[in-house]
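Colleague: File coords-v1.cif follows (mmCIF, C-alpha atoms):
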```cif
data_run
#
loop_
_atom_site.label_atom_id
_atom_site.label_comp_id
_atom_site.auth_asym_id
_atom_site.auth_seq_id
_atom_site.Cartn_x
_atom_site.Cartn_y
_atom_site.Cartn_z
CA MET A 162 38.50 117.53 94.55
CA GLY A 163 41.15 118.26 97.20
CA LEU A 164 40.83 114.75 98.62
CA LEU A 165 41.30 113.26 95.16
CA VAL A 166 44.46 115.32 94.56
CA ALA A 167 45.84 114.34 97.97
CA THR A 168 45.12 110.66 97.28
CA VAL A 169 46.83 110.80 93.87
CA ILE A 170 49.89 112.55 95.34
CA ARG A 171 50.15 110.03 98.20
CA HIS A 172 49.75 107.07 95.85
CA TYR A 173 52.13 108.22 93.08
CA VAL A 174 54.44 110.97 94.38
CA PHE A 175 55.20 110.76 98.10
CA THR A 176 54.04 109.44 101.42
CA MET A 177 55.18 109.59 105.04
CA VAL A 178 56.56 106.60 106.96
CA ARG A 179 57.71 106.00 110.52
CA VAL A 180 61.20 104.64 111.14
CA ASP A 181 60.93 101.52 113.30
CA GLY A 182 64.02 100.54 115.25
CA PRO A 183 67.63 101.72 115.63
CA SER A 184 69.13 100.29 112.42
CA MET A 185 69.55 103.69 110.73
CA GLU A 186 70.97 105.60 113.70
CA PRO A 187 72.55 108.13 113.93
CA ASN A 188 70.93 109.52 110.78
CA LEU A 189 67.35 108.39 111.40
CA GLU A 190 65.90 107.75 114.84
CA ASN A 191 63.37 105.18 116.02
CA ASN A 192 59.80 106.50 115.60
CA GLU A 193 60.93 109.42 113.42
CA ARG A 194 58.56 110.30 110.57
CA VAL A 195 60.17 110.89 107.18
CA ALA A 196 58.95 111.63 103.68
CA VAL A 197 59.30 108.97 100.99
CA VAL A 198 59.53 110.30 97.45
CA LYS A 199 58.25 107.60 95.13
CA THR A 200 59.49 109.30 91.96
CA ALA A 201 63.08 109.96 93.14
CA GLN A 202 65.94 108.20 91.39
CA ILE A 203 67.74 105.57 93.48
CA LYS A 204 71.51 106.04 93.59
CA HIS A 205 74.40 104.58 95.56
CA LEU A 206 73.94 105.64 99.21
CA SER A 207 70.28 106.63 98.77
CA VAL A 208 68.16 105.76 101.80
CA ILE A 209 65.13 103.79 100.65
CA VAL A 210 61.94 102.33 102.08
CA PHE A 211 60.84 98.93 100.82
CA ASN A 212 58.25 96.32 101.61
CA ALA A 213 60.24 93.60 103.39
CA TYR A 214 57.57 90.90 103.10
CA LYS A 215 59.16 87.92 101.27
CA VAL A 216 62.51 89.80 101.20
CA ASP A 217 63.43 89.11 104.82
CA PRO A 218 62.13 85.66 105.83
CA ASP A 219 61.35 87.06 109.30
CA ALA A 220 59.05 89.74 107.84
CA THR A 221 55.80 87.79 108.02
CA SER A 222 53.37 90.69 107.69
CA LYS A 223 52.51 91.99 104.21
CA ASN A 224 52.87 95.57 105.46
CA VAL A 225 56.37 95.46 107.01
CA LYS A 226 58.51 98.31 105.69
CA TYR A 227 62.26 98.60 106.17
CA VAL A 228 64.43 101.71 105.85
CA LYS A 229 67.99 101.01 104.65
CA ARG A 230 70.83 102.60 102.66
CA VAL A 231 71.58 101.38 99.12
CA ILE A 232 75.18 100.22 98.92
CA GLY A 233 75.08 98.07 95.77
CA MET A 234 73.21 98.77 92.56
CA PRO A 235 72.45 96.13 89.89
CA GLY A 236 75.70 94.67 88.53
CA ASP A 237 77.89 95.92 91.40
CA THR A 238 80.30 93.83 93.42
CA VAL A 239 80.25 94.67 97.13
CA ARG A 240 82.63 93.65 99.89
CA ALA A 241 83.58 94.80 103.37
CA GLN A 242 87.06 94.71 104.87
CA ASP A 243 88.14 96.22 108.22
CA GLY A 244 85.31 98.76 108.35
CA LYS A 245 85.62 99.82 104.72
CA ILE A 246 82.97 99.06 102.11
CA PHE A 247 84.17 98.48 98.56
CA VAL A 248 81.85 98.81 95.58
CA ASN A 249 83.33 97.55 92.32
CA GLY A 250 86.76 97.48 93.99
CA LYS A 251 86.70 101.12 95.18
CA ALA A 252 86.29 102.15 98.82
CA ILE A 253 83.21 104.32 99.28
CA SER A 254 83.03 107.30 101.61
CA GLN A 255 81.13 106.49 104.78
CA LYS A 256 81.35 109.93 106.38
CA PHE A 257 77.65 109.59 107.24
CA ILE A 258 78.58 107.26 110.13
CA SER A 259 81.40 107.28 112.68
CA GLN A 260 84.50 105.12 112.56
CA PHE A 261 83.05 103.10 115.45
CA GLU A 262 79.85 102.46 113.49
CA ARG A 263 81.87 101.49 110.40
CA THR A 264 83.91 98.89 112.25
CA GLN A 265 81.45 97.50 114.81
CA GLY A 266 79.21 94.94 113.24
CA THR A 267 80.13 95.42 109.59
CA GLY A 268 82.41 92.38 109.43
CA ASN A 269 84.60 91.16 106.57
CA TRP A 270 82.68 89.63 103.66
CA ASP A 271 81.80 89.72 99.98
CA ILE A 272 78.52 88.81 98.28
CA ALA A 273 79.64 85.26 97.46
CA ALA A 274 80.65 84.58 101.08
CA LEU A 275 77.35 85.99 102.37
CA SER A 276 75.30 83.90 99.94
CA ASN A 277 77.13 80.73 100.98
CA ARG A 278 77.03 81.48 104.72
CA ASN A 279 73.31 82.31 104.68
CA ASN A 280 72.22 79.67 102.14
CA TRP A 281 70.71 82.15 99.72
CA VAL A 282 68.87 80.49 96.85
CA LEU A 283 70.67 82.78 94.39
CA LYS A 284 74.43 82.15 94.44
CA THR A 285 76.13 85.16 92.89
CA THR A 286 79.11 87.50 93.18
CA LYS A 287 77.25 90.61 91.96
CA VAL A 288 74.02 92.41 92.74
CA PRO A 289 71.50 90.91 90.30
CA LYS A 290 69.63 92.93 87.70
CA ASN A 291 66.63 94.81 89.18
CA ASN A 292 67.92 94.37 92.76
CA TYR A 293 69.75 96.38 95.42
CA PHE A 294 72.15 95.49 98.24
CA VAL A 295 71.28 97.50 101.36
CA LEU A 296 72.79 98.10 104.80
CA GLY A 297 71.62 99.90 107.89
CA ASP A 298 73.80 102.77 109.12
CA HIS A 299 73.96 101.23 112.62
CA ARG A 300 75.54 98.03 111.33
CA SER A 301 75.88 96.19 114.64
CA VAL A 302 72.07 96.03 115.05
CA SER A 303 70.86 96.17 111.46
CA ASN A 304 69.00 93.28 109.85
CA ASP A 305 69.92 93.87 106.21
CA SER A 306 71.23 92.38 102.94
CA ARG A 307 74.12 90.73 104.76
CA TYR A 308 71.60 88.24 106.15
CA TRP A 309 68.71 87.86 103.70
CA GLY A 310 70.10 89.05 100.38
CA PHE A 311 68.90 91.54 97.83
CA VAL A 312 65.95 93.93 97.66
CA PRO A 313 64.01 93.53 94.39
CA ALA A 314 63.38 96.87 92.69
CA ASN A 315 59.65 96.15 92.58
CA ARG A 316 59.57 96.08 96.42
CA VAL A 317 61.01 99.61 96.75
CA ILE A 318 58.46 102.23 97.76
CA GLY A 319 60.75 105.24 97.34
CA VAL A 320 63.68 107.33 98.50
CA VAL A 321 63.65 108.79 102.03
CA LYS A 322 63.93 112.54 102.53
CA ILE A 323 64.13 114.26 105.90
CA PRO A 324 61.77 117.24 105.83
CA ILE A 325 63.36 120.68 105.60
CA TRP A 326 61.93 121.68 108.98
CA ASP A 327 64.17 119.10 110.68
CA SER A 328 66.69 121.30 112.48
CA HIS A 329 69.62 118.88 112.25
CA ALA A 330 71.43 119.90 109.05
CA THR A 331 74.03 117.09 109.20
CA ARG A 332 71.42 114.33 109.42
CA ARG A 333 69.40 115.97 106.66
CA HIS A 334 72.53 116.09 104.45
CA ASN A 335 73.44 112.47 105.25
CA VAL A 336 70.01 111.27 104.11
CA ASN A 337 68.90 113.79 101.49
CA VAL A 338 72.08 114.81 99.67
CA ILE A 339 74.78 112.17 99.58
CA GLY A 340 74.67 109.69 96.77
CA TYR A 341 76.42 109.05 93.52
#
```
Please express what this file holds, its structure, as C-alpha cells.
Modeller:
Amino acid sequence: MGLLVATVIRHYVFTMVRVDGPSMEPNLENNERVAVVKTAQIKHLSVIVFNAYKVDPDATSKNVKYVKRVIGMPGDTVRAQDGKIFVNGKAISQKFISQFERTQGTGNWDIAALSNRNNWVLKTTKVPKNNYFVLGDHRSVSNDSRYWGFVPANRVIGVVKIPIWDSHATRRHNVNVIGY
C-alpha cells in the first residue's frame, strides 16, 4: 500500500529532479536536487521544469529536462533593453540576480526580433496561448527561449521548490517565493 501511495504522489503531486548545468546560477547550482511540485500554479518568475525534447532542437533525448524561470505568460509581450526585462511594457524586478548577471548575456531584443533572428516557425510579437517564455538566471550561458522559442504548457512538469532544509534562505526565497 505504501508503495502505491508513493507512486501516486510521485506521478501526480511532486517529484525530485537534478539541476544540470550552470544556467540557473546563482539560485540553483549544477547537480543540485530540487523538488518539483506538479500541482503548483505557474506565475511570472516561477522556476519550472519542462521536457525540452522537441522544444529545443538540440534536445534529442526524450528525457531531457530543463530548469528555467518563466518571464512571459500567454499573451504577454516581452523585451529586454540594457539589462532590464519588460513584460507588457513594465520593467520587472530582477533582484534574484545581480546587476552583472542582468546585463551580461541578456542582450537587447523583443519577441519579434528573436523570432526573425532565429527563424522560428511561429512569427509573433506575444507569447502564444498555452505557452511560456523562459530565461535562465545566468543569462550569459543559458540556452533558453531567446534561441528556440516558447515552452508549450503541456511540456511543463511542474514548479521548482528548494526544500526547506536548504540552509540558504536567499536562494530559497528567490526560487520558492517570488512571482506575481
Colleague: For Arg300 in chain A, which of A:Asn192, A:Thr238, A:Gln260, A:Asn335 is the closest residue, counting all atoms listed in the file?
Modeller: A:Gln260
Colleague: Between CA of Pro235 in chain A and CA of Ile339 in chain A, what is the distance in Å, rounded to a tenth?
Modeller: 18.9 Å
Colleague: I need the residue nearest Asn292 in chain A from this list: A:Pro324, A:Gly250, A:Gly266, A:Gly233. Use all atoms listed in the file for the distance.
Modeller: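 Answer, going by the shortest atom-to-atom distance: A:Gly233.
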Colleague: Have a look at CA of Asn212 in chain A and CA of Ile253 in chain A and let me know their distance in Å, one decimal.
Modeller: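 Interatomic distance, CA of Asn212 in chain A to CA of Ile253 in chain A: 26.3 Å.
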Colleague: So, counting only C-alpha atoms, which residue among A:Asp217, A:Glu193, A:Glu186, A:Asp237 is closest to Val288 in chain A?
Modeller: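 Answer, going by the shortest atom-to-atom distance: A:Asp237.
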Colleague: Where atoms are absent from range 246-280 of chain A, fill them in so it carries N, CA and C atoms, then output it as a JSON list (two decimals), keeping the file's coordinate frame.
Modeller:
```json
[["chain", "number", "residue", "atom", "x", "y", "z"],
["A", 246, "ILE", "N", 83.86, 99.70, 103.08],
["A", 246, "ILE", "CA", 82.97, 99.06, 102.11],
["A", 246, "ILE", "C", 83.53, 99.37, 100.73],
["A", 247, "PHE", "N", 83.67, 98.33, 99.92],
["A", 247, "PHE", "CA", 84.17, 98.48, 98.56],
["A", 247, "PHE", "C", 83.06, 98.14, 97.58],
["A", 248, "VAL", "N", 82.81, 99.04, 96.65],
["A", 248, "VAL", "CA", 81.85, 98.81, 95.58],
["A", 248, "VAL", "C", 82.64, 98.82, 94.28],
["A", 249, "ASN", "N", 82.58, 97.71, 93.56],
["A", 249, "ASN", "CA", 83.33, 97.55, 92.32],
["A", 249, "ASN", "C", 84.82, 97.83, 92.53],
["A", 250, "GLY", "N", 85.33, 97.38, 93.68],
["A", 250, "GLY", "CA", 86.76, 97.48, 93.99],
["A", 250, "GLY", "C", 87.20, 98.81, 94.57],
["A", 251, "LYS", "N", 86.32, 99.80, 94.66],
["A", 251, "LYS", "CA", 86.70, 101.12, 95.18],
["A", 251, "LYS", "C", 86.03, 101.36, 96.53],
["A", 252, "ALA", "N", 86.84, 101.83, 97.50],
["A", 252, "ALA", "CA", 86.29, 102.15, 98.82],
["A", 252, "ALA", "C", 85.34, 103.33, 98.69],
["A", 253, "ILE", "N", 84.17, 103.21, 99.31],
["A", 253, "ILE", "CA", 83.21, 104.32, 99.28],
["A", 253, "ILE", "C", 83.36, 105.15, 100.54],
["A", 254, "SER", "N", 83.03, 106.42, 100.45],
["A", 254, "SER", "CA", 83.03, 107.30, 101.61],
["A", 254, "SER", "C", 81.87, 106.91, 102.52],
["A", 255, "GLN", "N", 82.18, 106.78, 103.79],
["A", 255, "GLN", "CA", 81.13, 106.49, 104.78],
["A", 255, "GLN", "C", 81.13, 107.57, 105.85],
["A", 256, "LYS", "N", 81.31, 108.81, 105.43],
["A", 256, "LYS", "CA", 81.35, 109.93, 106.38],
["A", 256, "LYS", "C", 80.02, 110.13, 107.09],
["A", 257, "PHE", "N", 78.97, 109.46, 106.62],
["A", 257, "PHE", "CA", 77.65, 109.59, 107.24],
["A", 257, "PHE", "C", 77.53, 108.79, 108.52],
["A", 258, "ILE", "N", 78.54, 107.97, 108.85],
["A", 258, "ILE", "CA", 78.58, 107.26, 110.13],
["A", 258, "ILE", "C", 79.99, 107.37, 110.70],
["A", 259, "SER", "N", 80.10, 107.16, 112.00],
["A", 259, "SER", "CA", 81.40, 107.28, 112.68],
["A", 259, "SER", "C", 82.29, 106.08, 112.39],
["A", 260, "GLN", "N", 83.55, 106.22, 112.70],
["A", 260, "GLN", "CA", 84.50, 105.12, 112.56],
["A", 260, "GLN", "C", 84.05, 103.92, 113.40],
["A", 261, "PHE", "N", 83.55, 104.17, 114.59],
["A", 261, "PHE", "CA", 83.05, 103.10, 115.45],
["A", 261, "PHE", "C", 81.92, 102.35, 114.74],
["A", 262, "GLU", "N", 80.97, 103.10, 114.17],
["A", 262, "GLU", "CA", 79.85, 102.46, 113.49],
["A", 262, "GLU", "C", 80.30, 101.70, 112.24],
["A", 263, "ARG", "N", 81.35, 102.18, 111.59],
["A", 263, "ARG", "CA", 81.87, 101.49, 110.40],
["A", 263, "ARG", "C", 82.50, 100.15, 110.76],
["A", 264, "THR", "N", 83.16, 100.09, 111.90],
["A", 264, "THR", "CA", 83.91, 98.89, 112.25],
["A", 264, "THR", "C", 83.14, 97.91, 113.12],
["A", 265, "GLN", "N", 82.21, 98.39, 113.94],
["A", 265, "GLN", "CA", 81.45, 97.50, 114.81],
["A", 265, "GLN", "C", 80.28, 96.90, 114.06],
["A", 266, "GLY", "N", 80.33, 95.62, 113.84],
["A", 266, "GLY", "CA", 79.21, 94.94, 113.24],
["A", 266, "GLY", "C", 79.23, 94.80, 111.73],
["A", 267, "THR", "N", 80.11, 95.51, 111.05],
["A", 267, "THR", "CA", 80.13, 95.42, 109.59],
["A", 267, "THR", "C", 80.71, 94.08, 109.15],
["A", 268, "GLY", "N", 81.80, 93.66, 109.76],
["A", 268, "GLY", "CA", 82.41, 92.38, 109.43],
["A", 268, "GLY", "C", 83.23, 92.45, 108.15],
["A", 269, "ASN", "N", 83.82, 91.31, 107.80],
["A", 269, "ASN", "CA", 84.60, 91.16, 106.57],
["A", 269, "ASN", "C", 83.88, 90.13, 105.71],
["A", 270, "TRP", "N", 83.47, 90.51, 104.50],
["A", 270, "TRP", "CA", 82.68, 89.63, 103.66],
["A", 270, "TRP", "C", 82.65, 90.14, 102.22],
["A", 271, "ASP", "N", 82.19, 89.31, 101.33],
["A", 271, "ASP", "CA", 81.80, 89.72, 99.98],
["A", 271, "ASP", "C", 80.47, 89.03, 99.69],
["A", 272, "ILE", "N", 79.85, 89.35, 98.57],
["A", 272, "ILE", "CA", 78.52, 88.81, 98.28],
["A", 272, "ILE", "C", 78.54, 87.29, 98.20],
["A", 273, "ALA", "N", 79.57, 86.72, 97.58],
["A", 273, "ALA", "CA", 79.64, 85.26, 97.46],
["A", 273, "ALA", "C", 79.71, 84.60, 98.84],
["A", 274, "ALA", "N", 80.53, 85.15, 99.73],
["A", 274, "ALA", "CA", 80.65, 84.58, 101.08],
["A", 274, "ALA", "C", 79.33, 84.69, 101.84],
["A", 275, "LEU", "N", 78.65, 85.83, 101.71],
["A", 275, "LEU", "CA", 77.35, 85.99, 102.37],
["A", 275, "LEU", "C", 76.32, 85.00, 101.84],
["A", 276, "SER", "N", 76.29, 84.82, 100.52],
["A", 276, "SER", "CA", 75.30, 83.90, 99.94],
["A", 276, "SER", "C", 75.55, 82.47, 100.38],
["A", 277, "ASN", "N", 76.82, 82.08, 100.50],
["A", 277, "ASN", "CA", 77.13, 80.73, 100.98],
["A", 277, "ASN", "C", 76.82, 80.57, 102.46],
["A", 278, "ARG", "N", 77.22, 81.55, 103.27],
["A", 278, "ARG", "CA", 77.03, 81.48, 104.72],
["A", 278, "ARG", "C", 75.54, 81.45, 105.08],
["A", 279, "ASN", "N", 74.73, 82.19, 104.35],
["A", 279, "ASN", "CA", 73.31, 82.31, 104.68],
["A", 279, "ASN", "C", 72.40, 81.45, 103.82],
["A", 280, "ASN", "N", 72.98, 80.59, 103.00],
["A", 280, "ASN", "CA", 72.22, 79.67, 102.14],
["A", 280, "ASN", "C", 71.18, 80.37, 101.27]]
```
